[in-house]
Structures are given as C-alpha cells and as structure tokens.
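Novice: work.cif is the file, holding mmCIF, C-alpha atoms:
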data_protein
#
loop_
_atom_site.label_atom_id
_atom_site.label_comp_id
_atom_site.auth_asym_id
_atom_site.auth_seq_id
_atom_site.Cartn_x
_atom_site.Cartn_y
_atom_site.Cartn_z
CA MET W 185 -67.99 12.12 24.84
CA GLY W 186 -69.80 8.82 24.43
CA LYS W 187 -69.73 9.20 20.63
CA TYR W 188 -66.03 9.77 20.63
CA ALA W 189 -65.47 6.80 22.85
CA LEU W 190 -67.50 4.63 20.56
CA LYS W 191 -65.69 5.81 17.43
CA THR W 192 -62.33 5.28 19.07
CA ALA W 193 -63.33 1.81 20.10
CA CYS W 194 -64.40 1.03 16.53
CA VAL W 195 -61.13 2.27 15.03
CA LEU W 196 -59.09 0.34 17.53
CA GLY W 197 -61.22 -2.68 16.84
CA LEU W 198 -60.55 -2.42 13.12
CA LEU W 199 -56.85 -2.02 13.74
CA PHE W 200 -56.94 -5.13 15.84
CA ILE W 201 -58.97 -7.16 13.40
CA ALA W 202 -57.18 -6.05 10.21
CA PRO W 203 -53.92 -7.88 10.83
CA LEU W 204 -55.83 -11.03 11.63
CA VAL W 205 -57.76 -10.78 8.38
CA PHE W 206 -54.71 -10.19 6.20
CA ALA W 207 -52.16 -12.14 8.24
CA ALA W 208 -51.94 -14.94 5.81
CA ASP W 209 -51.51 -12.69 2.78
CA TRP W 210 -48.64 -10.27 3.61
CA THR W 211 -46.34 -9.03 6.22
CA ASN W 212 -43.92 -6.19 6.50
CA LEU W 213 -40.57 -5.40 8.07
CA PHE W 214 -39.01 -2.05 8.63
CA VAL W 215 -35.45 -2.09 7.27
CA ASP W 216 -33.06 0.63 8.37
CA ILE W 217 -30.52 1.12 5.61
CA SER W 218 -27.30 2.81 6.63
CA VAL W 219 -24.55 3.69 4.17
CA PRO W 220 -21.50 5.08 5.92
CA SER W 221 -19.28 7.73 4.46
CA ILE W 222 -16.82 5.83 2.25
CA CYS W 223 -13.37 7.28 1.92
CA GLN W 224 -10.99 4.55 0.85
CA ILE W 225 -7.62 5.01 -0.78
CA ASP W 226 -4.84 2.57 -1.49
CA VAL W 227 -1.51 2.62 -3.34
CA SER W 228 -0.31 -0.26 -5.46
CA GLY W 229 3.04 -0.86 -3.80
CA GLY W 230 6.45 0.42 -2.83
CA LEU W 231 9.36 1.47 -4.98
CA THR W 232 13.07 2.20 -4.99
CA LEU W 233 14.53 5.48 -6.21
CA GLU W 234 18.21 5.25 -7.02
CA LEU W 235 20.77 7.75 -8.20
CA VAL W 236 23.57 6.15 -10.15
CA ALA W 237 27.01 7.44 -11.08
CA PRO W 238 27.07 10.25 -13.63
CA ALA W 239 28.43 9.62 -17.10
CA ALA W 240 31.58 11.57 -16.36
CA PRO W 241 33.22 13.56 -13.58
CA GLY W 242 31.97 17.11 -13.40
CA LEU W 243 28.38 16.02 -13.93
CA LEU W 244 25.75 15.11 -11.35
CA PRO W 245 23.73 11.90 -11.25
CA ALA W 246 20.70 12.07 -13.51
CA ASP W 247 17.23 12.20 -11.95
CA ASP W 248 15.61 8.87 -11.23
CA VAL W 249 11.98 8.95 -12.32
CA ASP W 250 9.55 6.20 -11.32
CA THR W 251 6.03 5.84 -12.72
CA SER W 252 5.46 2.24 -11.71
CA THR W 253 2.94 2.79 -8.95
CA THR W 254 -0.69 3.83 -8.96
CA TYR W 255 -3.45 4.44 -6.50
CA ALA W 256 -7.16 3.73 -6.27
CA ILE W 257 -9.96 5.50 -4.46
CA SER W 258 -13.55 4.85 -3.55
CA SER W 259 -15.65 7.67 -2.26
CA ASN W 260 -19.36 8.29 -1.93
CA ASN W 261 -18.97 11.79 -0.59
CA THR W 262 -20.63 14.52 -2.56
CA ALA W 263 -18.74 17.21 -0.74
CA HIS W 264 -15.24 17.94 -2.02
CA TYR W 265 -12.49 15.80 -0.59
CA LYS W 266 -8.76 15.94 -1.08
CA ILE W 267 -5.67 13.75 -0.81
CA THR W 268 -2.78 15.01 1.25
CA GLY W 269 0.71 13.58 1.13
CA GLN W 270 3.59 13.55 3.58
CA VAL W 271 6.94 11.78 3.63
CA SER W 272 8.59 10.43 6.73
CA THR W 273 11.92 11.52 8.14
CA MET W 274 14.43 12.10 5.41
CA PRO W 275 18.19 11.59 5.34
CA ASP W 276 20.16 14.45 6.83
CA ASP W 277 22.73 16.47 4.99
CA ARG W 278 21.99 15.18 1.54
CA PRO W 279 21.43 17.65 -1.32
CA LEU W 280 18.38 15.73 -2.49
CA GLN W 281 14.89 16.63 -3.58
CA LEU W 282 12.03 14.17 -3.63
CA LYS W 283 9.25 15.12 -6.02
CA CYS W 284 5.84 13.54 -6.40
CA THR W 285 2.90 14.06 -8.72
CA MET W 286 -0.39 12.24 -8.24
CA ALA W 287 -2.70 12.09 -11.23
CA ALA W 288 -6.23 13.17 -10.43
CA PRO W 289 -9.31 11.00 -10.86
CA THR W 290 -11.94 12.21 -13.30
CA GLY W 291 -13.42 15.51 -12.18
CA ALA W 292 -10.77 16.21 -9.58
CA THR W 293 -7.69 18.41 -9.75
CA SER W 294 -4.09 17.31 -9.39
CA GLY W 295 -1.96 19.49 -7.16
CA GLY W 296 0.90 19.04 -9.63
CA GLU W 297 4.46 18.28 -8.68
CA LYS W 298 5.23 18.65 -4.97
CA THR W 299 8.80 18.83 -3.78
CA TRP W 300 10.32 17.83 -0.47
CA ASP W 301 13.77 19.25 0.10
CA LEU W 302 15.81 16.59 1.85
CA ASN W 303 18.71 18.85 2.71
CA ASN W 304 17.18 20.24 5.86
CA ASP W 305 19.29 20.29 8.94
CA ASN W 306 17.14 18.32 11.31
CA GLY W 307 15.71 15.76 8.93
CA ASP W 308 12.13 16.53 9.87
CA PRO W 309 9.40 16.01 7.32
CA ALA W 310 9.27 19.04 5.12
CA GLY W 311 5.52 19.32 5.08
CA ILE W 312 2.14 18.08 4.10
CA PHE W 313 0.97 18.88 0.58
CA ASP W 314 -2.41 18.77 -1.12
CA MET W 315 -1.70 16.21 -3.81
CA VAL W 316 -5.20 16.04 -5.30
CA THR W 317 -8.21 18.27 -4.59
CA ASP W 318 -11.90 18.59 -5.55
CA ILE W 319 -12.64 14.88 -5.38
CA ASP W 320 -16.32 14.05 -5.53
CA ALA W 321 -18.03 10.69 -5.26
CA THR W 322 -16.07 8.32 -7.46
CA VAL W 323 -14.66 4.85 -7.79
CA GLN W 324 -11.46 4.79 -9.82
CA SER W 325 -8.18 2.97 -9.94
CA GLY W 326 -4.92 3.12 -11.86
CA MET W 327 -4.22 6.80 -11.29
CA GLY W 328 -0.49 7.26 -11.71
CA ILE W 329 2.00 8.37 -9.13
CA THR W 330 5.19 9.88 -10.51
CA TRP W 331 8.22 10.00 -8.25
CA THR W 332 11.47 11.83 -9.01
CA LEU W 333 14.67 11.78 -7.00
CA HIS W 334 16.83 14.75 -7.87
CA CYS W 335 20.17 15.90 -6.50
CA THR W 336 21.22 19.53 -6.40
CA ALA W 337 24.86 18.72 -5.61
CA GLN W 338 27.08 15.67 -5.29
CA PRO W 339 25.27 13.30 -2.91
CA LEU W 340 27.05 11.01 -0.52
CA PRO W 341 26.01 7.36 -0.34
CA VAL W 342 22.82 6.59 1.55
CA TRP W 343 20.20 3.86 1.83
CA LYS W 344 17.09 5.23 3.45
CA ASN W 345 13.72 3.60 3.93
CA MET W 346 10.95 6.17 3.93
CA THR W 347 7.17 6.19 4.02
CA PHE W 348 4.84 8.27 1.90
CA THR W 349 1.59 8.66 3.81
CA ILE W 350 -1.54 9.83 2.04
CA GLN W 351 -4.80 10.84 3.66
CA PHE W 352 -8.20 11.10 2.00
CA ILE W 353 -9.97 13.85 3.93
CA ALA W 354 -12.59 16.53 3.67
CA GLN W 355 -11.43 19.73 2.00
CA MET X 100 -33.21 -2.76 33.67
CA ARG X 101 -34.87 -0.08 31.56
CA LYS X 102 -32.05 2.35 32.27
CA ILE X 103 -29.48 -0.16 31.10
CA ALA X 104 -31.41 -0.87 27.92
CA LEU X 105 -31.70 2.84 27.29
CA LYS X 106 -27.97 3.35 27.77
CA ILE X 107 -27.14 0.50 25.42
CA THR X 108 -29.46 1.93 22.80
CA CYS X 109 -27.93 5.38 23.10
CA LEU X 110 -24.43 3.92 22.88
CA ALA X 111 -25.36 1.97 19.78
CA PHE X 112 -26.71 5.11 18.08
CA CYS X 113 -23.61 7.06 19.04
CA LEU X 114 -21.31 4.37 17.64
CA LEU X 115 -23.33 4.25 14.46
CA PHE X 116 -23.02 8.00 14.05
CA VAL X 117 -19.34 8.16 14.89
CA SER X 118 -18.37 5.22 12.71
CA GLY X 119 -19.60 7.00 9.60
CA ASN X 120 -17.36 9.95 10.37
CA LEU X 121 -14.44 7.73 11.23
CA PHE X 122 -14.62 6.24 7.76
CA ALA X 123 -14.41 9.74 6.40
CA TRP X 124 -11.50 10.86 8.50
CA TRP X 125 -9.37 7.75 8.41
CA GLY X 126 -9.20 7.07 4.69
CA GLY X 127 -5.48 6.72 4.21
CA SER X 128 -2.71 4.60 2.82
CA ALA X 129 1.08 4.40 2.92
CA GLN X 130 3.74 3.71 0.33
CA ALA X 131 7.22 2.44 1.10
CA LEU X 132 10.07 4.32 -0.55
CA LEU X 133 13.70 3.29 -0.61
CA LEU X 134 16.14 6.04 -1.49
CA ARG X 135 19.35 4.45 -2.66
CA ILE X 136 22.63 6.11 -3.53
CA ASP X 137 25.71 3.93 -3.65
CA ALA X 138 29.31 5.09 -3.37
CA VAL X 139 30.76 6.17 -6.71
CA PHE X 140 34.35 5.69 -7.81
CA LEU X 141 34.81 7.39 -11.15
CA VAL X 142 38.09 8.57 -12.61
CA LEU X 143 38.44 9.41 -16.26
CA PHE X 144 41.22 10.74 -18.52
CA GLU X 145 40.00 13.69 -20.52
CA ASP X 146 42.21 12.95 -23.55
CA ALA X 147 41.98 9.72 -25.45
CA SER X 148 45.70 9.59 -26.13
CA VAL X 149 48.88 11.60 -25.96
CA ASN X 150 52.08 11.40 -27.95
CA ILE X 151 55.49 11.69 -26.30
CA GLU X 152 58.58 11.96 -28.46
CA LEU X 153 62.15 12.39 -27.38
CA GLY X 154 64.01 15.27 -28.96
CA THR X 155 67.43 15.18 -30.56
CA PRO X 156 70.31 15.51 -28.11
CA VAL X 157 73.22 17.78 -28.55
CA PRO X 158 76.37 15.81 -29.44
CA GLY X 159 77.81 14.24 -26.34
CA GLY X 160 74.57 14.49 -24.42
CA LEU X 161 71.39 12.55 -23.86
CA PRO X 162 68.03 13.44 -25.34
CA PRO X 163 66.32 16.11 -23.26
CA ASP X 164 63.25 15.18 -21.27
CA ALA X 165 60.00 15.09 -23.19
CA VAL X 166 57.09 16.52 -21.20
CA VAL X 167 53.42 16.19 -22.05
CA ASN X 168 50.41 17.34 -20.08
CA THR X 169 46.97 15.89 -20.09
CA SER X 170 44.13 15.98 -17.57
CA TYR X 171 41.66 13.82 -15.73
CA GLY X 172 38.40 14.13 -13.84
CA ILE X 173 37.29 12.47 -10.67
CA TYR X 174 33.86 11.80 -9.11
CA TYR X 175 34.21 10.14 -5.76
CA THR X 176 31.74 9.77 -2.90
CA SER X 177 32.99 6.94 -0.72
CA LEU X 178 33.09 7.53 3.00
CA SER X 179 35.95 5.04 3.31
CA SER X 180 39.61 5.84 2.66
CA TYR X 181 40.76 5.36 -0.90
CA LYS X 182 43.72 6.51 -2.95
CA LEU X 183 44.55 6.73 -6.63
CA VAL X 184 47.23 4.52 -8.09
CA VAL X 185 48.88 4.81 -11.50
CA GLY X 186 50.41 2.05 -13.55
CA PHE X 187 51.29 0.92 -17.08
CA TYR X 188 50.68 -1.86 -19.52
CA ASP X 189 53.16 -2.50 -22.33
CA PHE X 190 55.83 -0.37 -20.76
CA PRO X 191 58.89 0.04 -23.04
CA PRO X 192 61.49 -2.59 -22.17
CA ASP X 193 64.40 -0.20 -22.65
CA PRO X 194 66.33 0.04 -19.37
CA ASN X 195 67.54 3.53 -20.30
CA LEU X 196 64.07 5.04 -20.12
CA GLN X 197 62.22 6.39 -17.15
CA PHE X 198 58.64 7.47 -17.15
CA ILE X 199 57.76 10.07 -14.54
CA VAL X 200 54.15 10.73 -13.75
CA ASN X 201 52.84 13.62 -11.70
CA VAL X 202 49.14 13.61 -10.89
CA GLU X 203 47.51 16.75 -9.50
CA ALA X 204 45.41 16.08 -6.43
CA PRO X 205 41.77 17.13 -6.26
CA THR X 206 40.69 19.50 -3.51
CA GLY X 207 41.44 18.10 -0.09
CA ALA X 208 43.63 15.27 -1.32
CA VAL X 209 47.43 14.94 -1.41
CA SER X 210 49.52 14.36 -4.53
CA ALA X 211 52.45 11.97 -4.32
CA GLY X 212 54.39 14.27 -6.66
CA ASN X 213 56.70 12.73 -9.24
CA VAL X 214 56.26 8.97 -9.42
CA VAL X 215 59.04 7.24 -11.31
CA PHE X 216 58.62 4.10 -13.37
CA THR X 217 61.30 2.04 -15.08
CA SER X 218 61.14 -1.03 -17.24
CA ALA X 219 62.17 -3.07 -14.25
CA ASP X 220 59.12 -2.34 -12.15
CA ALA X 221 56.44 -0.62 -14.18
CA GLU X 222 54.49 -3.41 -15.87
CA GLY X 223 50.90 -4.15 -14.94
CA PRO X 224 49.07 -3.96 -11.65
CA ALA X 225 52.12 -5.27 -9.81
CA GLY X 226 53.98 -2.11 -10.72
CA GLU X 227 51.29 0.40 -9.85
CA GLN X 228 52.19 3.19 -7.45
CA ALA X 229 50.17 5.61 -5.38
CA CYS X 230 49.84 9.01 -7.00
CA VAL X 231 47.08 10.69 -4.91
CA THR X 232 46.13 9.92 -1.32
CA SER X 233 43.67 11.16 1.33
CA ILE X 234 40.82 11.71 -1.10
CA ASP X 235 37.62 13.26 0.22
CA PRO X 236 34.32 13.12 -1.64
CA VAL X 237 34.91 15.26 -4.69
CA ASN X 238 33.65 16.03 -8.17
CA GLU X 239 36.30 17.82 -10.22
CA THR X 240 37.58 17.95 -13.75
CA GLY X 241 40.63 19.41 -15.46
CA LEU X 242 43.13 18.03 -12.98
CA GLN X 243 46.55 17.92 -14.56
CA VAL X 244 48.60 14.83 -15.30
CA THR X 245 52.17 15.40 -16.40
CA TYR X 246 54.20 12.71 -18.15
CA THR X 247 57.92 13.11 -18.42
CA LEU X 248 59.99 10.73 -20.53
CA HIS X 249 63.53 10.79 -19.20
CA CYS X 250 66.65 9.05 -20.44
CA THR X 251 69.26 7.62 -18.14
CA GLY X 252 71.29 6.30 -21.07
CA VAL X 253 71.04 6.19 -24.83
CA PRO X 254 67.73 4.58 -25.74
CA ALA X 255 67.29 2.42 -28.81
CA PRO X 256 64.98 3.79 -31.55
CA MET X 257 61.42 2.53 -31.18
CA THR X 258 57.75 3.34 -31.32
CA GLN X 259 55.75 1.90 -28.47
CA TYR X 260 52.09 2.10 -27.63
CA MET X 261 51.45 1.73 -23.96
CA THR X 262 48.50 2.16 -21.69
CA VAL X 263 48.44 4.25 -18.56
CA PHE X 264 45.82 3.46 -16.00
CA ILE X 265 44.70 5.34 -12.93
CA GLU X 266 42.37 3.58 -10.54
CA PHE X 267 41.13 3.64 -6.98
CA ALA X 268 42.67 1.42 -4.33
CA VAL X 269 42.01 1.00 -0.64
CA GLU X 270 44.30 3.23 1.34
#
What does this structure look like when you write it as structure tokens?
Specialist:
Amino acid sequence: MGKYALKTACVLGLLFIAPLVFAADWTNLFVDISVPSICQIDVSGGLTLELVAPAAPGLLPADDVDTSTTYAISSNNTAHYKITGQVSTMPDDRPLQLKCTMAAPTGATSGGEKTWDLNNDNGDPAGIFDMVTDIDATVQSGMGITWTLHCTAQPLPVWKNMTFTIQFIAQ
Amino acid sequence: MRKIALKITCLAFCLLFVSGNLFAWWGGSAQALLLRIDAVFLVLFEDASVNIELGTPVPGGLPPDAVVNTSYGIYYTSLSSYKLVVGFYDFPPDPNLQFIVNVEAPTGAVSAGNVVFTSADAEGPAGEQACVTSIDPVNETGLQVTYTLHCTGVPAPMTQYMTVFIEFAVE
C-alpha cells in the first residue's frame, strides 16, 4: 500500500511539475468544432405568367412558358434529401393548369413536370409534389425552373398573385 | 448555484442539438407568381372579301335584291357588357341603294336582325349600328353574316369598293 502511495505521489508530482517546465514553450486549447446540418435553398426571383389573346376565334390562348428563374442549393447532408413544391390558393373556376419543372443538381433526380389543376371548385392547393429527389451534399446554383401556364378551355380574365413554396427536406 | 449552472449547460447542449436539426427541416424558399389573363375582344371576318352584284331587272321593275353570305368568328371574355356594332367606310353615295346587314348572334347573345344602311347615314363610325347585343364570354366561329343590296329606285351604274367593319362597343 505504501509503494502504491509513493508511486501515485510521484506521478502526480510529475504531472504538476511538467506544465511548469514546459509552460514557456507551448500551450494547448481544446476546440469544439460544430458543423450544423446545412440545407439552404433559394430561388432567383418572381415571374409573371400571362395568357394572351389567341390568333383567331375558335382557338385557345397559347401556353405561356417561362424559363427565366433558377434556384440554388447548399447542402452538406450525405443522406438523400428532396425538394418539395406547393402553390398557394389558386383562382377558382378557371380552366387553367400550372406546370413546373425543376432541373436537378448534379447527381440528383428531377421529378419532371408537375401539374396543378387550377379548375378545382374550392380553390385549395392541389397538392405537394416532389420536384427533385436524391440530393446529396452539394453546392450548386443556376438550376432552371420552367413554368408553363396552360388553359384547357376559354379562360375568363384574372389577375392572381400566388406563391410557390419549396422545401428542402429529408427524403 | 450549481443547479442553475447545470441547467444552463443542459439547455445550451439541447439548443445546440436542436439547431442542427432545425437547419435541416427549415430549408425552404418561396417564389412569387402572378397569373395574368386580360379580357379579350376579338372579332374576325372569315372571308377577306365578298362581291355583291345587282342582277338585271325585268322591264318595268327594279333590280332584284342581291344577297351574299359570309361568316365571322368571335372570341370574347369580358365580364362587362359589350355589344357588336357594324358600320361602313366608302359607302356608295347612291340614294337609291340600301345595304341590309344581318349578323348571327353567338350563343347566349341577341341578334338585332336586319340592320339597314343608306347613303344618308351609313358612313364611318358615326353611322355604325348595333347588330348583336347581350354577349356572354364566347369562343365561336362560322357565325353567318348576310349582306343584302336592295334598290329603292334605279341606281346609277358603278363599281364601288367599301369596307365593312364589326367591332365591340360598350353596351
């Protein structure tokens, strides 16, 4: 028991003396690095989709296609993530379809063209679609968003502000 | 004091943990969309021109009426009340001639029937007359327009090019 006590005292003594001996030469600091899960997405801006008069009676207005906007993402998640899209309340009683395609970043998969039918009776959002899937860690920008406004019958006049909400979430 | 310090430490760790997941779950963006469809007033003759020629009368009589049919199409989406008016430019100055126009109404509208024009009142916008009223939003083609050239006396020989116009007017 006495031997152990002596050895312990020696070790503790060395531990106490060592910092004093080397104090002038080095020091250390424990740094706790924390990188949060990054899941950022942003679109480049808004747009207007307009149906104009057809060339002649008997025809319907041609589709309005807009490719002017893009989106960017930053993600450090190694698990698959996806982008979902949803449009806000749509105009009632209009024979309109709103279509959207989001190009996929490298390595991911575009969900293709998604269509919201605006001619529902209550004007509720038609649904949430998976616009892009299988997104791994990536930092990319300039992925195109293609919007199409299509009418299935003669549409009455309307000006409607809507919101396209996208979420970057785990698959 | 120790309990408080412990609670603060625990809270800090919890926030650190939760914040990482919040980043993951709240990656989102929104895009403003404006859907725009303006009212359309489109009316179009389906023949570029027609030729109307008076026939030879029997001795002692006037030339029989000359009747020609053509057609028009209409694309109309206004929610306000509009009518169609018909008028002429370069109407023949002969006082013995009448021009009778009958415009078929699209579905839901009302035709004014035979609309009579003479050299005294037919020229230009000032002489235009209503030919179709109570128009609802419509998209139709092949609607008949009948022109009748009628003599009230003996007309002088002539060849005259004139322009017929049909346009929308506030009802």
Novice: Kindly provide, as a ChimeraX atom specification, the residues of chain W having any atom no farther than 8 Å from an atom of chain X, counting all atoms listed in the file.
Specialist: /W:220-227,229-237,240-243,338-354
Novice: Let me see the file: selected residues, C-alpha atoms, as a PDB file, in the coordinates of the input.
Specialist:
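Output file part30.pdb is given in full below:
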ATOM      1  CA  PRO W 220     -21.500   5.080   5.920  1.00  0.00           C
ATOM      2  CA  SER W 221     -19.280   7.730   4.460  1.00  0.00           C
ATOM      3  CA  ILE W 222     -16.820   5.830   2.250  1.00  0.00           C
ATOM      4  CA  CYS W 223     -13.370   7.280   1.920  1.00  0.00           C
ATOM      5  CA  GLN W 224     -10.990   4.550   0.850  1.00  0.00           C
ATOM      6  CA  ILE W 225      -7.620   5.010  -0.780  1.00  0.00           C
ATOM      7  CA  ASP W 226      -4.840   2.570  -1.490  1.00  0.00           C
ATOM      8  CA  VAL W 227      -1.510   2.620  -3.340  1.00  0.00           C
ATOM      9  CA  GLY W 229       3.040  -0.860  -3.800  1.00  0.00           C
ATOM     10  CA  GLY W 230       6.450   0.420  -2.830  1.00  0.00           C
ATOM     11  CA  LEU W 231       9.360   1.470  -4.980  1.00  0.00           C
ATOM     12  CA  THR W 232      13.070   2.200  -4.990  1.00  0.00           C
ATOM     13  CA  LEU W 233      14.530   5.480  -6.210  1.00  0.00           C
ATOM     14  CA  GLU W 234      18.210   5.250  -7.020  1.00  0.00           C
ATOM     15  CA  LEU W 235      20.770   7.750  -8.200  1.00  0.00           C
ATOM     16  CA  VAL W 236      23.570   6.150 -10.150  1.00  0.00           C
ATOM     17  CA  ALA W 237      27.010   7.440 -11.080  1.00  0.00           C
ATOM     18  CA  ALA W 240      31.580  11.570 -16.360  1.00  0.00           C
ATOM     19  CA  PRO W 241      33.220  13.560 -13.580  1.00  0.00           C
ATOM     20  CA  GLY W 242      31.970  17.110 -13.400  1.00  0.00           C
ATOM     21  CA  LEU W 243      28.380  16.020 -13.930  1.00  0.00           C
ATOM     22  CA  GLN W 338      27.080  15.670  -5.290  1.00  0.00           C
ATOM     23  CA  PRO W 339      25.270  13.300  -2.910  1.00  0.00           C
ATOM     24  CA  LEU W 340      27.050  11.010  -0.520  1.00  0.00           C
ATOM     25  CA  PRO W 341      26.010   7.360  -0.340  1.00  0.00           C
ATOM     26  CA  VAL W 342      22.820   6.590   1.550  1.00  0.00           C
ATOM     27  CA  TRP W 343      20.200   3.860   1.830  1.00  0.00           C
ATOM     28  CA  LYS W 344      17.090   5.230   3.450  1.00  0.00           C
ATOM     29  CA  ASN W 345      13.720   3.600   3.930  1.00  0.00           C
ATOM     30  CA  MET W 346      10.950   6.170   3.930  1.00  0.00           C
ATOM     31  CA  THR W 347       7.170   6.190   4.020  1.00  0.00           C
ATOM     32  CA  PHE W 348       4.840   8.270   1.900  1.00  0.00           C
ATOM     33  CA  THR W 349       1.590   8.660   3.810  1.00  0.00           C
ATOM     34  CA  ILE W 350      -1.540   9.830   2.040  1.00  0.00           C
ATOM     35  CA  GLN W 351      -4.800  10.840   3.660  1.00  0.00           C
ATOM     36  CA  PHE W 352      -8.200  11.100   2.000  1.00  0.00           C
ATOM     37  CA  ILE W 353      -9.970  13.850   3.930  1.00  0.00           C
ATOM     38  CA  ALA W 354     -12.590  16.530   3.670  1.00  0.00           C
TER      39      ALA W 354
END
Novice: Apply the PyMOL selection byres ((chain X and resi 211-220) around 8) to the displayed file and report the matching residues as a list in words.
Specialist: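 Applying the PyMOL selection byres ((chain X and resi 211-220) around 8) to the structure shown produces Phe190, Pro191, Pro192, Asp193, Pro194, Leu196, Gln197, Phe198, Ile199, Val200, Asn201, Val202, Glu203, Val209, Ser210, Ala221, Glu222, Ala225, Gly226, Gln228, Ala229, Cys230, Val231 and Thr232 of chain X.
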Novice: For the point (25.0, 19.7, -9.4) in the file's frame, write as a PyMOL selection string all residues with an atom no more than 6 Å away, counting only C-alpha atoms.
Specialist: chain W and resi 244+336-337
Novice: Pull C-alpha atoms from the residues just selected and write them as a PDB file, in the coordinates of the input.
Specialist:
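Generated file (out.pdb):
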ATOM      1  CA  LEU W 244      25.750  15.110 -11.350  1.00  0.00           C
ATOM      2  CA  THR W 336      21.220  19.530  -6.400  1.00  0.00           C
ATOM      3  CA  ALA W 337      24.860  18.720  -5.610  1.00  0.00           C
TER       4      ALA W 337
END
Novice: Do you know which residues the PyMOL selection byres ((chain X and resi 166) around 12) returns on this file, as a VMD selection string?
Specialist: chain X and resid 149 to 154 163 to 165 167 to 169 198 to 201 244 to 249
Novice: Quick check, in Å to one decimal: how far apart do atom CA of W:Thr262 and atom CA of W:Gln355 lie?
Specialist: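 Interatomic distance here is 11.5 Å.
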Novice: Between atom CA of W:Tyr265 and atom CA of W:Asp250, what is the distance in Å, rounded to a tenth?
Specialist: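 Between these atoms lies a distance of 26.3 Å.
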Novice: Suppose you want the space between atom CA of W:Thr330 and atom CA of W:Val249; what is it in Å?
Specialist: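 Atom CA of W:Val249 lies at a distance of 7.1 Å from atom CA of W:Thr330.
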Novice: If I put a ball of radius 9 Å at (-3.0, 5.3, -6.1) in the file's coordinates, which residues poke into it when counting all atoms listed in the file, written as a PyMOL selection string?
Specialist: (chain W and resi 225-229+253-257+286-287+325-329) or (chain X and resi 128)
Novice: I'd like the contact shell of X:Val263 - 7 Å cut-off, only C-alpha atoms, skipping same-chain residues fewer than 3 positions apart - returned as a PyMOL selection string.
Specialist: chain X and resi 186-188
Novice: Calculated over only C-alpha atoms, which of the candidates X:Leu183, X:Asn195, X:Asp146, X:Pro158 has the smallest distance to X:Ile234?
Specialist: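 Distance minimum relative to X:Ile234 lands on X:Leu183.
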Novice: Please evaluate the PyMOL selection byres ((chain W and resi 281-285) around 6) against the structure above and give the resulting residues as a PDB file with C-alpha atoms, in the coordinates of the input.
Specialist:
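out.pdb was written with the following content:
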ATOM      1  CA  LEU W 280      18.380  15.730  -2.490  1.00  0.00           C
ATOM      2  CA  MET W 286      -0.390  12.240  -8.240  1.00  0.00           C
ATOM      3  CA  GLY W 296       0.900  19.040  -9.630  1.00  0.00           C
ATOM      4  CA  GLU W 297       4.460  18.280  -8.680  1.00  0.00           C
ATOM      5  CA  LYS W 298       5.230  18.650  -4.970  1.00  0.00           C
ATOM      6  CA  THR W 299       8.800  18.830  -3.780  1.00  0.00           C
ATOM      7  CA  TRP W 300      10.320  17.830  -0.470  1.00  0.00           C
ATOM      8  CA  ASP W 301      13.770  19.250   0.100  1.00  0.00           C
ATOM      9  CA  LEU W 302      15.810  16.590   1.850  1.00  0.00           C
ATOM     10  CA  ILE W 329       2.000   8.370  -9.130  1.00  0.00           C
ATOM     11  CA  THR W 330       5.190   9.880 -10.510  1.00  0.00           C
ATOM     12  CA  TRP W 331       8.220  10.000  -8.250  1.00  0.00           C
ATOM     13  CA  THR W 332      11.470  11.830  -9.010  1.00  0.00           C
ATOM     14  CA  LEU W 333      14.670  11.780  -7.000  1.00  0.00           C
ATOM     15  CA  HIS W 334      16.830  14.750  -7.870  1.00  0.00           C
TER      16      HIS W 334
END
